[in-house]
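Asks: So that you have it, the file is structure.pdb, and it contains PDB, C-alpha atoms:
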ATOM      1  CA  MET W   1     135.787  63.365 101.307  1.00  0.00           C
ATOM      2  CA  GLY W   2     133.073  64.514 103.743  1.00  0.00           C
ATOM      3  CA  SER W   3     133.508  68.181 102.786  1.00  0.00           C
ATOM      4  CA  GLN W   4     133.054  67.311  99.100  1.00  0.00           C
ATOM      5  CA  LYS W   5     129.743  65.620  99.902  1.00  0.00           C
ATOM      6  CA  THR W   6     128.669  68.689 101.874  1.00  0.00           C
ATOM      7  CA  VAL W   7     129.559  70.975  98.965  1.00  0.00           C
ATOM      8  CA  LEU W   8     127.740  68.717  96.486  1.00  0.00           C
ATOM      9  CA  LEU W   9     124.672  68.576  98.727  1.00  0.00           C
ATOM     10  CA  SER W  10     124.772  72.378  99.101  1.00  0.00           C
ATOM     11  CA  ILE W  11     124.905  72.795  95.324  1.00  0.00           C
ATOM     12  CA  LEU W  12     121.927  70.465  94.827  1.00  0.00           C
ATOM     13  CA  VAL W  13     119.884  72.301  97.475  1.00  0.00           C
ATOM     14  CA  LEU W  14     120.789  75.616  95.862  1.00  0.00           C
ATOM     15  CA  PHE W  15     119.628  74.402  92.423  1.00  0.00           C
ATOM     16  CA  TYR W  16     116.354  73.262  93.994  1.00  0.00           C
ATOM     17  CA  VAL W  17     115.790  76.653  95.640  1.00  0.00           C
ATOM     18  CA  ILE W  18     116.607  78.460  92.375  1.00  0.00           C
ATOM     19  CA  SER W  19     114.089  76.315  90.499  1.00  0.00           C
ATOM     20  CA  LEU W  20     111.381  77.421  92.952  1.00  0.00           C
ATOM     21  CA  VAL W  21     112.140  81.103  92.494  1.00  0.00           C
ATOM     22  CA  SER W  22     110.570  81.895  89.164  1.00  0.00           C
ATOM     23  CA  CYS W  23     107.962  84.314  87.961  1.00  0.00           C
ATOM     24  CA  THR W  24     105.325  84.103  85.281  1.00  0.00           C
ATOM     25  CA  GLU W  25     104.367  86.824  82.859  1.00  0.00           C
ATOM     26  CA  PHE W  26     100.684  86.798  81.941  1.00  0.00           C
ATOM     27  CA  GLU W  27      99.114  88.650  79.042  1.00  0.00           C
ATOM     28  CA  ALA W  28      95.971  90.393  80.350  1.00  0.00           C
ATOM     29  CA  GLY W  29      92.945  88.811  78.710  1.00  0.00           C
ATOM     30  CA  GLY W  30      94.989  86.028  77.110  1.00  0.00           C
ATOM     31  CA  ASP W  31      95.311  86.067  73.327  1.00  0.00           C
ATOM     32  CA  ASN W  32      92.766  88.890  72.933  1.00  0.00           C
ATOM     33  CA  GLY W  33      94.768  91.361  75.003  1.00  0.00           C
ATOM     34  CA  TRP W  34      93.426  94.443  76.807  1.00  0.00           C
ATOM     35  CA  ILE W  35      90.412  95.227  74.598  1.00  0.00           C
ATOM     36  CA  ILE W  36      86.878  96.541  74.973  1.00  0.00           C
ATOM     37  CA  PRO W  37      84.490  93.569  75.289  1.00  0.00           C
ATOM     38  CA  GLN W  38      82.565  93.304  72.001  1.00  0.00           C
ATOM     39  CA  SER W  39      79.197  92.236  73.390  1.00  0.00           C
ATOM     40  CA  SER W  40      77.141  92.619  76.541  1.00  0.00           C
ATOM     41  CA  ASN W  41      77.666  88.947  77.467  1.00  0.00           C
ATOM     42  CA  GLN W  42      81.445  89.543  77.632  1.00  0.00           C
ATOM     43  CA  THR W  43      81.416  92.342  80.228  1.00  0.00           C
ATOM     44  CA  ASP W  44      83.105  90.075  82.789  1.00  0.00           C
ATOM     45  CA  MET W  45      85.622  88.523  80.364  1.00  0.00           C
ATOM     46  CA  PHE W  46      88.739  89.857  82.125  1.00  0.00           C
ATOM     47  CA  ASN W  47      87.643  88.644  85.548  1.00  0.00           C
ATOM     48  CA  GLN W  48      86.778  85.255  84.052  1.00  0.00           C
ATOM     49  CA  TRP W  49      90.261  85.121  82.513  1.00  0.00           C
ATOM     50  CA  ALA W  50      91.884  86.173  85.820  1.00  0.00           C
ATOM     51  CA  SER W  51      89.931  83.539  87.785  1.00  0.00           C
ATOM     52  CA  LYS W  52      91.415  80.798  85.570  1.00  0.00           C
ATOM     53  CA  ASN W  53      94.982  81.769  86.489  1.00  0.00           C
ATOM     54  CA  ARG W  54      97.003  81.594  89.710  1.00  0.00           C
ATOM     55  CA  PHE W  55      98.992  84.744  90.400  1.00  0.00           C
ATOM     56  CA  LYS W  56     101.817  84.965  92.897  1.00  0.00           C
ATOM     57  CA  VAL W  57     104.023  87.765  94.179  1.00  0.00           C
ATOM     58  CA  GLY W  58     106.656  88.574  91.542  1.00  0.00           C
ATOM     59  CA  ASP W  59     104.506  87.623  88.549  1.00  0.00           C
ATOM     60  CA  THR W  60     103.857  90.286  85.929  1.00  0.00           C
ATOM     61  CA  ILE W  61     100.807  91.231  83.882  1.00  0.00           C
ATOM     62  CA  ARG W  62     101.387  92.516  80.341  1.00  0.00           C
ATOM     63  CA  PHE W  63      98.686  94.810  78.962  1.00  0.00           C
ATOM     64  CA  LYS W  64      98.738  95.065  75.150  1.00  0.00           C
ATOM     65  CA  TYR W  65      96.433  97.663  73.652  1.00  0.00           C
ATOM     66  CA  LYS W  66      96.062 100.332  70.973  1.00  0.00           C
ATOM     67  CA  LYS W  67      94.860 103.880  71.732  1.00  0.00           C
ATOM     68  CA  ASP W  68      93.922 102.949  75.283  1.00  0.00           C
ATOM     69  CA  SER W  69      95.401 102.940  78.764  1.00  0.00           C
ATOM     70  CA  VAL W  70      95.514 100.934  81.965  1.00  0.00           C
ATOM     71  CA  LEU W  71      95.061 102.284  85.485  1.00  0.00           C
ATOM     72  CA  VAL W  72      95.571 100.650  88.860  1.00  0.00           C
ATOM     73  CA  VAL W  73      92.820 101.927  91.143  1.00  0.00           C
ATOM     74  CA  SER W  74      91.141 101.327  94.510  1.00  0.00           C
ATOM     75  CA  GLU W  75      88.196  98.952  94.941  1.00  0.00           C
ATOM     76  CA  ASP W  76      85.775 101.876  95.165  1.00  0.00           C
ATOM     77  CA  GLU W  77      87.156 103.482  91.991  1.00  0.00           C
ATOM     78  CA  TYR W  78      86.932 100.094  90.251  1.00  0.00           C
ATOM     79  CA  LYS W  79      83.249  99.780  91.156  1.00  0.00           C
ATOM     80  CA  LYS W  80      82.515 103.337  89.981  1.00  0.00           C
ATOM     81  CA  CYS W  81      84.665 103.015  86.830  1.00  0.00           C
ATOM     82  CA  GLN W  82      86.235 106.370  87.539  1.00  0.00           C
ATOM     83  CA  THR W  83      89.247 107.773  89.303  1.00  0.00           C
ATOM     84  CA  THR W  84      90.834 111.126  89.905  1.00  0.00           C
ATOM     85  CA  LYS W  85      94.008 109.732  91.481  1.00  0.00           C
ATOM     86  CA  PRO W  86      94.951 106.314  90.090  1.00  0.00           C
ATOM     87  CA  GLU W  87      97.685 104.447  91.925  1.00  0.00           C
ATOM     88  CA  LEU W  88      99.391 103.953  88.552  1.00  0.00           C
ATOM     89  CA  TYR W  89      98.633 105.051  84.991  1.00  0.00           C
ATOM     90  CA  SER W  90     100.107 104.016  81.629  1.00  0.00           C
ATOM     91  CA  ASN W  91      99.143 104.590  77.998  1.00  0.00           C
ATOM     92  CA  HIS W  92     102.171 103.186  76.164  1.00  0.00           C
ATOM     93  CA  ASP W  93     100.463 100.386  74.136  1.00  0.00           C
ATOM     94  CA  ASP W  94     102.514  97.682  75.899  1.00  0.00           C
ATOM     95  CA  THR W  95     102.545  97.945  79.681  1.00  0.00           C
ATOM     96  CA  VAL W  96     103.965  95.482  82.197  1.00  0.00           C
ATOM     97  CA  PHE W  97     102.813  95.610  85.819  1.00  0.00           C
ATOM     98  CA  LYS W  98     104.611  93.667  88.559  1.00  0.00           C
ATOM     99  CA  LEU W  99     102.417  92.058  91.211  1.00  0.00           C
ATOM    100  CA  ASP W 100     104.502  93.054  94.219  1.00  0.00           C
ATOM    101  CA  ARG W 101     102.326  91.936  97.126  1.00  0.00           C
ATOM    102  CA  PRO W 102      99.593  89.437  97.977  1.00  0.00           C
ATOM    103  CA  GLY W 103      96.004  90.631  97.822  1.00  0.00           C
ATOM    104  CA  LEU W 104      93.712  92.251  95.279  1.00  0.00           C
ATOM    105  CA  PHE W 105      94.727  94.525  92.393  1.00  0.00           C
ATOM    106  CA  TYR W 106      92.091  96.538  90.512  1.00  0.00           C
ATOM    107  CA  PHE W 107      92.680  97.532  86.884  1.00  0.00           C
ATOM    108  CA  ILE W 108      90.490  99.698  84.624  1.00  0.00           C
ATOM    109  CA  SER W 109      90.806 101.324  81.230  1.00  0.00           C
ATOM    110  CA  GLY W 110      91.389 105.050  81.407  1.00  0.00           C
ATOM    111  CA  VAL W 111      89.442 105.787  78.222  1.00  0.00           C
ATOM    112  CA  ALA W 112      85.960 107.180  78.846  1.00  0.00           C
ATOM    113  CA  GLY W 113      83.273 104.497  78.563  1.00  0.00           C
ATOM    114  CA  HIS W 114      85.619 101.503  78.235  1.00  0.00           C
ATOM    115  CA  CYS W 115      85.420 100.458  81.896  1.00  0.00           C
ATOM    116  CA  GLU W 116      81.625 100.653  81.828  1.00  0.00           C
ATOM    117  CA  LYS W 117      81.675  98.273  78.837  1.00  0.00           C
ATOM    118  CA  GLY W 118      83.697  95.735  80.853  1.00  0.00           C
ATOM    119  CA  GLN W 119      87.326  96.690  80.274  1.00  0.00           C
ATOM    120  CA  LYS W 120      88.267  96.194  83.900  1.00  0.00           C
ATOM    121  CA  MET W 121      89.770  93.399  85.945  1.00  0.00           C
ATOM    122  CA  ILE W 122      90.451  92.223  89.484  1.00  0.00           C
ATOM    123  CA  ILE W 123      93.524  90.078  90.090  1.00  0.00           C
ATOM    124  CA  LYS W 124      93.999  88.149  93.318  1.00  0.00           C
ATOM    125  CA  VAL W 125      97.632  87.475  94.208  1.00  0.00           C
ATOM    126  CA  MET W 126      98.156  84.442  96.435  1.00  0.00           C
ATOM    127  CA  GLU W 127      99.812  84.628  99.847  1.00  0.00           C
ATOM    128  CA  VAL W 128     103.296  83.113  99.829  1.00  0.00           C
ATOM    129  CA  GLU W 129     105.673  81.978 102.509  1.00  0.00           C
ATOM    130  CA  PRO W 130     108.539  84.469 102.839  1.00  0.00           C
ATOM    131  CA  THR W 131     111.997  83.232 101.893  1.00  0.00           C
ATOM    132  CA  PRO W 132     114.993  84.141 104.037  1.00  0.00           C
ATOM    133  CA  HIS W 133     116.875  86.040 101.325  1.00  0.00           C
ATOM    134  CA  SER W 134     114.059  87.478  99.225  1.00  0.00           C
ATOM    135  CA  PRO W 135     114.374  91.122  98.158  1.00  0.00           C
ATOM    136  CA  PRO W 136     111.779  93.653  99.310  1.00  0.00           C
ATOM    137  CA  PRO W 137     108.867  93.931  96.857  1.00  0.00           C
ATOM    138  CA  SER W 138     108.568  96.993  94.671  1.00  0.00           C
ATOM    139  CA  SER W 139     105.604  97.970  92.561  1.00  0.00           C
ATOM    140  CA  SER W 140     106.434  98.674  88.965  1.00  0.00           C
ATOM    141  CA  LEU W 141     104.597  99.686  85.879  1.00  0.00           C
ATOM    142  CA  HIS W 142     106.626 100.158  82.732  1.00  0.00           C
ATOM    143  CA  SER W 143     106.401 100.067  78.986  1.00  0.00           C
ATOM    144  CA  SER W 144     108.173  97.603  76.796  1.00  0.00           C
ATOM    145  CA  THR W 145     108.198  96.400  73.235  1.00  0.00           C
ATOM    146  CA  HIS W 146     109.107  92.856  74.347  1.00  0.00           C
ATOM    147  CA  LYS W 147     106.781  90.222  72.906  1.00  0.00           C
ATOM    148  CA  SER W 148     105.696  87.249  74.983  1.00  0.00           C
ATOM    149  CA  ASN W 149     103.317  84.329  75.005  1.00  0.00           C
ATOM    150  CA  HIS W 150     100.178  84.112  77.167  1.00  0.00           C
ATOM    151  CA  ALA W 151     102.158  82.980  80.216  1.00  0.00           C
ATOM    152  CA  VAL W 152     105.906  82.702  79.962  1.00  0.00           C
ATOM    153  CA  ARG W 153     108.105  81.219  82.671  1.00  0.00           C
ATOM    154  CA  LYS W 154     110.836  83.654  83.539  1.00  0.00           C
ATOM    155  CA  THR W 155     113.366  82.965  86.228  1.00  0.00           C
ATOM    156  CA  SER W 156     114.221  85.918  88.362  1.00  0.00           C
ATOM    157  CA  TRP W 157     117.555  87.496  89.115  1.00  0.00           C
ATOM    158  CA  PHE W 158     118.125  84.760  91.689  1.00  0.00           C
ATOM    159  CA  ILE W 159     119.775  82.674  88.969  1.00  0.00           C
ATOM    160  CA  GLY W 160     122.633  85.177  88.814  1.00  0.00           C
ATOM    161  CA  VAL W 161     122.970  85.112  92.596  1.00  0.00           C
ATOM    162  CA  GLY W 162     122.786  81.310  92.507  1.00  0.00           C
ATOM    163  CA  LEU W 163     125.538  81.051  89.903  1.00  0.00           C
ATOM    164  CA  VAL W 164     127.791  83.296  91.965  1.00  0.00           C
ATOM    165  CA  THR W 165     127.062  81.195  95.050  1.00  0.00           C
ATOM    166  CA  ILE W 166     127.769  77.969  93.170  1.00  0.00           C
ATOM    167  CA  SER W 167     131.051  79.407  91.868  1.00  0.00           C
ATOM    168  CA  ILE W 168     132.079  80.328  95.414  1.00  0.00           C
ATOM    169  CA  LEU W 169     131.152  76.856  96.694  1.00  0.00           C
ATOM    170  CA  VAL W 170     133.089  75.122  93.911  1.00  0.00           C
ATOM    171  CA  LEU W 171     136.154  77.321  94.451  1.00  0.00           C
ATOM    172  CA  THR W 172     135.966  76.724  98.195  1.00  0.00           C
ATOM    173  CA  SER W 173     135.767  72.956  97.677  1.00  0.00           C
ATOM    174  CA  LEU W 174     138.771  73.060  95.338  1.00  0.00           C
ATOM    175  CA  ILE W 175     140.790  75.037  97.877  1.00  0.00           C
ATOM    176  CA  LEU W 176     139.847  72.617 100.698  1.00  0.00           C
ATOM    177  CA  VAL W 177     140.842  69.539  98.674  1.00  0.00           C
TER     178      VAL W 177
END
Show how you would write the structure in this file as structure tokens.
Replies:
Amino acid sequence: MGSQKTVLLSILVLFYVISLVSCTEFEAGGDNGWIIPQSSNQTDMFNQWASKNRFKVGDTIRFKYKKDSVLVVSEDEYKKCQTTKPELYSNHDDTVFKLDRPGLFYFISGVAGHCEKGQKMIIKVMEVEPTPHSPPPSSSLHSSTHKSNHAVRKTSWFIGVGLVTISILVLTSLILV
């Protein structure tokens, strides 16, 4: 009977850990998307939007735009609104960027004049406590036609690992009984 309690407790702890391991997808700029600010009083609109959100490692930013692009650049390039060697570049109308580390990320439009008009953004990713079995982070920028809301909760691949672990625990408990 004691081993069944241990297995049940292990399953509950595993479900709790899985519930903590989730990522959020944010749409850059909210409902407006990645656009050129329309007036001079909106030149900081993307940074204002970013400051109202909490970003953590593993979250993604979706950039939706038409006839534009998004570049990940250094702080200096961000300030100058120009780059010759962006860290990443995409012009696929629907770009998803994974925030793979804590710290600051600098985004600008790659279309001439757009950054100067305010189409740029700084995102601060919060420091997190490392988990014992977390995968190594990897930066990614890719295109997708997937539609999403402003911020959608998406659980990571840990659910699959968790289900396998739960299956093993249940089978082990059945064998021990």
Asks: In Å, how far is it from atom CA of W:Phe97 to atom CA of W:Ala28?
Replies: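 Atom-to-atom, atom CA of W:Phe97 and atom CA of W:Ala28 are spaced 10.2 Å apart.
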Asks: For W:Gly29, which of W:Thr84, W:Gln119, W:Asn91, W:Thr60 is the closest residue, counting only C-alpha atoms?
Replies: W:Gln119
Asks: Point out the residue among W:Gln38, W:Phe26, W:Lys66, W:Phe55 with the least atom-to-atom distance to W:Asp94, counting all atoms listed in the file.
Replies: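 Once distances to W:Asp94 are computed over all atoms listed in the file, the minimum belongs to W:Lys66.
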Asks: Please return, as a PDB file with C-alpha atoms, keeping the file's coordinate frame, all polymer residues that have at least one atom within 8 Å of the point (83.5, 94.7, 86.9); use all atoms listed in the file and the file's own coordinate frame.
Replies:
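Generated file (part.pdb):
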ATOM      1  CA  THR W  43      81.416  92.342  80.228  1.00  0.00           C
ATOM      2  CA  ASP W  44      83.105  90.075  82.789  1.00  0.00           C
ATOM      3  CA  ASN W  47      87.643  88.644  85.548  1.00  0.00           C
ATOM      4  CA  TYR W  78      86.932 100.094  90.251  1.00  0.00           C
ATOM      5  CA  LYS W  79      83.249  99.780  91.156  1.00  0.00           C
ATOM      6  CA  CYS W 115      85.420 100.458  81.896  1.00  0.00           C
ATOM      7  CA  GLY W 118      83.697  95.735  80.853  1.00  0.00           C
ATOM      8  CA  GLN W 119      87.326  96.690  80.274  1.00  0.00           C
ATOM      9  CA  LYS W 120      88.267  96.194  83.900  1.00  0.00           C
ATOM     10  CA  MET W 121      89.770  93.399  85.945  1.00  0.00           C
ATOM     11  CA  ILE W 122      90.451  92.223  89.484  1.00  0.00           C
TER      12      ILE W 122
END
Asks: Report, in Å to a single decimal, how far apart atom CA of W:Lys124 and atom CA of W:Ala50 are.
Replies: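 So the two atoms, atom CA of W:Ala50 and atom CA of W:Lys124, lie 8.0 Å apart.
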Asks: Take every atom of stretch 61-72 of chain W listed in the file, fit an axis-aligned box around them, add 4 Å per side, and give the centre and edge lengths in Å to one decimal as JSON.
Replies:
{"center_x": 97.7, "center_y": 97.6, "center_z": 79.9, "size_x": 15.5, "size_y": 20.6, "size_z": 25.9}
Asks: May I ask for the distance between atom CA of W:Ile123 and atom CA of W:Asp93, given in Å to one decimal place?
Replies: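 Here the two named atoms are 20.2 Å from each other.
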Asks: Could you tell me which of W:Pro102, W:Gly58, W:Pro86, W:Pro37 comes closest to W:Val70 if we count all atoms listed in the file?
Replies: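 Checking each candidate against W:Val70, we get W:Pro86 as the closest.
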Asks: From the set W:Ser39, W:Val57, W:Glu75, W:Lys64, which residue has the shortest atom-to-atom contact distance to W:Asp100, counting all atoms listed in the file?
Replies: W:Val57
Asks: I need the residue nearest W:Ile35 from this list: W:Ser69, W:Ser22, W:Thr95, W:Gln48. Use all atoms listed in the file for the distance.
Replies: W:Ser69
Asks: Excluding W:Gly113 and residues on its chain fewer than 6 positions from it, collect all residues at most 10 Å away from it, counting all atoms listed in the file, and give them as number ranges by chain.
Replies: W: 36, 81-82, 119
Asks: Please provide as a PyMOL selection string all residues within 12 Å of W:Leu99, with the sequence filter that same-chain residues fewer than 5 positions apart are discarded (counting all atoms listed in the file).
Replies: chain W and resi 23-26+54-62+72+104-107+123-127+137-141
Asks: Okay, now the selection with C-alpha atoms, as a PDB file, in the frame of the given file?
Replies:
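out.pdb was written with the following content:
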ATOM      1  CA  CYS W  23     107.962  84.314  87.961  1.00  0.00           C
ATOM      2  CA  THR W  24     105.325  84.103  85.281  1.00  0.00           C
ATOM      3  CA  GLU W  25     104.367  86.824  82.859  1.00  0.00           C
ATOM      4  CA  PHE W  26     100.684  86.798  81.941  1.00  0.00           C
ATOM      5  CA  ARG W  54      97.003  81.594  89.710  1.00  0.00           C
ATOM      6  CA  PHE W  55      98.992  84.744  90.400  1.00  0.00           C
ATOM      7  CA  LYS W  56     101.817  84.965  92.897  1.00  0.00           C
ATOM      8  CA  VAL W  57     104.023  87.765  94.179  1.00  0.00           C
ATOM      9  CA  GLY W  58     106.656  88.574  91.542  1.00  0.00           C
ATOM     10  CA  ASP W  59     104.506  87.623  88.549  1.00  0.00           C
ATOM     11  CA  THR W  60     103.857  90.286  85.929  1.00  0.00           C
ATOM     12  CA  ILE W  61     100.807  91.231  83.882  1.00  0.00           C
ATOM     13  CA  ARG W  62     101.387  92.516  80.341  1.00  0.00           C
ATOM     14  CA  VAL W  72      95.571 100.650  88.860  1.00  0.00           C
ATOM     15  CA  LEU W 104      93.712  92.251  95.279  1.00  0.00           C
ATOM     16  CA  PHE W 105      94.727  94.525  92.393  1.00  0.00           C
ATOM     17  CA  TYR W 106      92.091  96.538  90.512  1.00  0.00           C
ATOM     18  CA  PHE W 107      92.680  97.532  86.884  1.00  0.00           C
ATOM     19  CA  ILE W 123      93.524  90.078  90.090  1.00  0.00           C
ATOM     20  CA  LYS W 124      93.999  88.149  93.318  1.00  0.00           C
ATOM     21  CA  VAL W 125      97.632  87.475  94.208  1.00  0.00           C
ATOM     22  CA  MET W 126      98.156  84.442  96.435  1.00  0.00           C
ATOM     23  CA  GLU W 127      99.812  84.628  99.847  1.00  0.00           C
ATOM     24  CA  PRO W 137     108.867  93.931  96.857  1.00  0.00           C
ATOM     25  CA  SER W 138     108.568  96.993  94.671  1.00  0.00           C
ATOM     26  CA  SER W 139     105.604  97.970  92.561  1.00  0.00           C
ATOM     27  CA  SER W 140     106.434  98.674  88.965  1.00  0.00           C
ATOM     28  CA  LEU W 141     104.597  99.686  85.879  1.00  0.00           C
TER      29      LEU W 141
END
